[in-house]
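Peer 1: I have a structure here, written as structure tokens, and I will follow up with some questions on it.
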Amino acid sequence: MSIPGILEDKLFNSGCCGILFSGGYDSEVLMRSAVKVIGASNVLSLTADTELLAGFYRERIRIVARELGIEQLFVPLDMLSIEEFVLNDDRRCYICKRELFTRLKAEAVSRGFRTIMDGTNTDDVNESRPGLVAAAETGIVHPFIEARMGKKEIADIGAFLGITGHPSDSCLATRISDGERIISEQLHLIEEMEAPLRPSVKGRFRVRTGTGRLLVNYSEIDKKLIEEYLEHLKRIAEKSGYKIQLNQLDR
């Protein structure tokens, strides 16, 4: 197994590129592939530094960038100052991605990186992804889609590159119930709840808000871990006036 020729050609033809990286698996595979094809000096890692980015992923981003020897650019972005985003309606993701893509692309272009890529793949196209509209509007390139690659093909490349897989995740704003205003205090509470378990979970794990409660979603593979941390999670929730409710996703 190696990097497929069609993907290799697309990376090589970019000359140099900025890659949007929030610590996820797909974008890490893309970034490591780009370094292998065009060299570390021609790759820029781009991350929006917001309250929506969990500390676990912020540190993961730094580790990967150091390991690859590439420049890591964190661009401060205050999404909570944008009322359209804070309202948390069905345009939230689009508003966020539009702002994020615009800012990150401008920073990359100012440094000479004119092709901006992300790890979106063919499986993502089958889901509701408002961010894809924002990507099209701002000229973000999707090499995996252009190479007709989905999760399986990306996992094959990741295995070839020696990347250990990790559960898929999303920004902290996705934990807030639709229509409920996104505020800093809730984001910090969710981060406090998730942070101790995040390095150890093997399946999907998210803490979501609800009326008077926090819903702890987890996979069966992490059941024992959740039980070990249950009292700790309860103390954090109760400190902020919440009770917790456990929800195993794959019963």
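Labeling convention for the structure tokens: chains A, B, ... as they appear, residues from 1 per chain, ligands from 1 in order of appearance.
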Identify all residues of segment 15-79 of chain A in helix (DSSP H, G or I) (DSSP on the backbone) and supply them as a PyMOL selection string.

Peer 2: chain A and resi 25-38+40-42+55-68+79

Peer 1: Check segment 9-182 of chain A with DSSP on the backbone and list each residue it calls strand (DSSP E or B), as a list in words.

Peer 2: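 Across segment 9-182 of chain A, those assigned strand (DSSP E or B) are Cys17, Gly18, Ile19, Leu20, Val43, Leu44, Ser45, Leu46, Thr47, Ala48, Asp49, Glu71, Gln72, Leu73, Phe74, Val75, Pro76, Thr115, Ile116, Met117 and Val141 of chain A.
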
Peer 1: Could you save the residues just selected, with C-alpha atoms, as a compact mmCIF listing (two decimals), in the first residue's frame?

Peer 2:
# COMPACT_ATOMS: atom_id res chain seq x y z
CA CYS A 17 -0.68 24.05 0.30
CA GLY A 18 -2.37 25.04 3.51
CA ILE A 19 -4.32 22.27 5.20
CA LEU A 20 -7.21 22.95 7.58
CA VAL A 43 2.82 22.45 3.88
CA LEU A 44 1.15 24.84 6.31
CA SER A 45 -1.18 23.57 9.04
CA LEU A 46 -4.10 25.94 9.68
CA THR A 47 -6.31 25.94 12.78
CA ALA A 48 -8.94 28.36 14.05
CA ASP A 49 -8.12 29.10 17.68
CA GLU A 71 4.59 25.37 10.45
CA GLN A 72 1.45 25.37 12.59
CA LEU A 73 -0.65 28.52 12.42
CA PHE A 74 -3.33 29.12 15.05
CA VAL A 75 -5.58 31.99 13.96
CA PRO A 76 -7.60 33.60 16.79
CA THR A 115 -4.18 26.27 -2.34
CA ILE A 116 -6.18 25.54 0.81
CA MET A 117 -7.35 21.97 1.44
CA VAL A 141 -10.17 22.23 -2.16

Peer 1: Residues near Phe101 of chain A, anyone? I mean within 8 Å using only C-alpha atoms, not counting same-chain ones fewer than 6 positions away, as a list in words.

Peer 2: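 The contact residues come out as Ala134, Ala135, Thr138 and Ile140 of chain A.
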
Peer 1: Using only C-alpha atoms, what does the table of segment 8-105 of chain A residues within 12 Å of segment 198-215 of chain A look like, with each row giving the shortest atom pair and its distance in Å to one decimal, sorted by chain and ascending number, as a Markdown table?

Peer 2:
| residue | atom | partner | partner_atom | distance |
| --- | --- | --- | --- | --- |
| A:Ala54 | CA | A:Arg198 | CA | 9.5 |
| A:Gly55 | CA | A:Arg198 | CA | 9.7 |
| A:Phe56 | CA | A:Arg198 | CA | 7.0 |
| A:Tyr57 | CA | A:Arg198 | CA | 9.4 |
| A:Glu59 | CA | A:Pro199 | CA | 10.9 |
| A:Arg60 | CA | A:Pro199 | CA | 10.0 |

Peer 1: Between A:Leu77, A:Val125, A:Val64, A:Ala147, which is the closest to Glu8 of chain A once you count only C-alpha atoms?

Peer 2: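 Ranking A:Leu77, A:Val125, A:Val64, A:Ala147 by distance to Glu8 of chain A, first place goes to A:Ala147.
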
Peer 1: What's the 10 Å shell around Ser184 of chain A, counting only C-alpha atoms, without same-chain residues fewer than 6 positions away, as a PyMOL selection string?

Peer 2: chain A and resi 51-52+80+173

Peer 1: So, with only C-alpha atoms as the atoms that count, which of A:Ala136, A:Ala159, A:Ile244, A:Ile145 lies closest to Thr120 of chain A?

Peer 2: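 Answer, going by the shortest atom-to-atom distance: A:Ile145.
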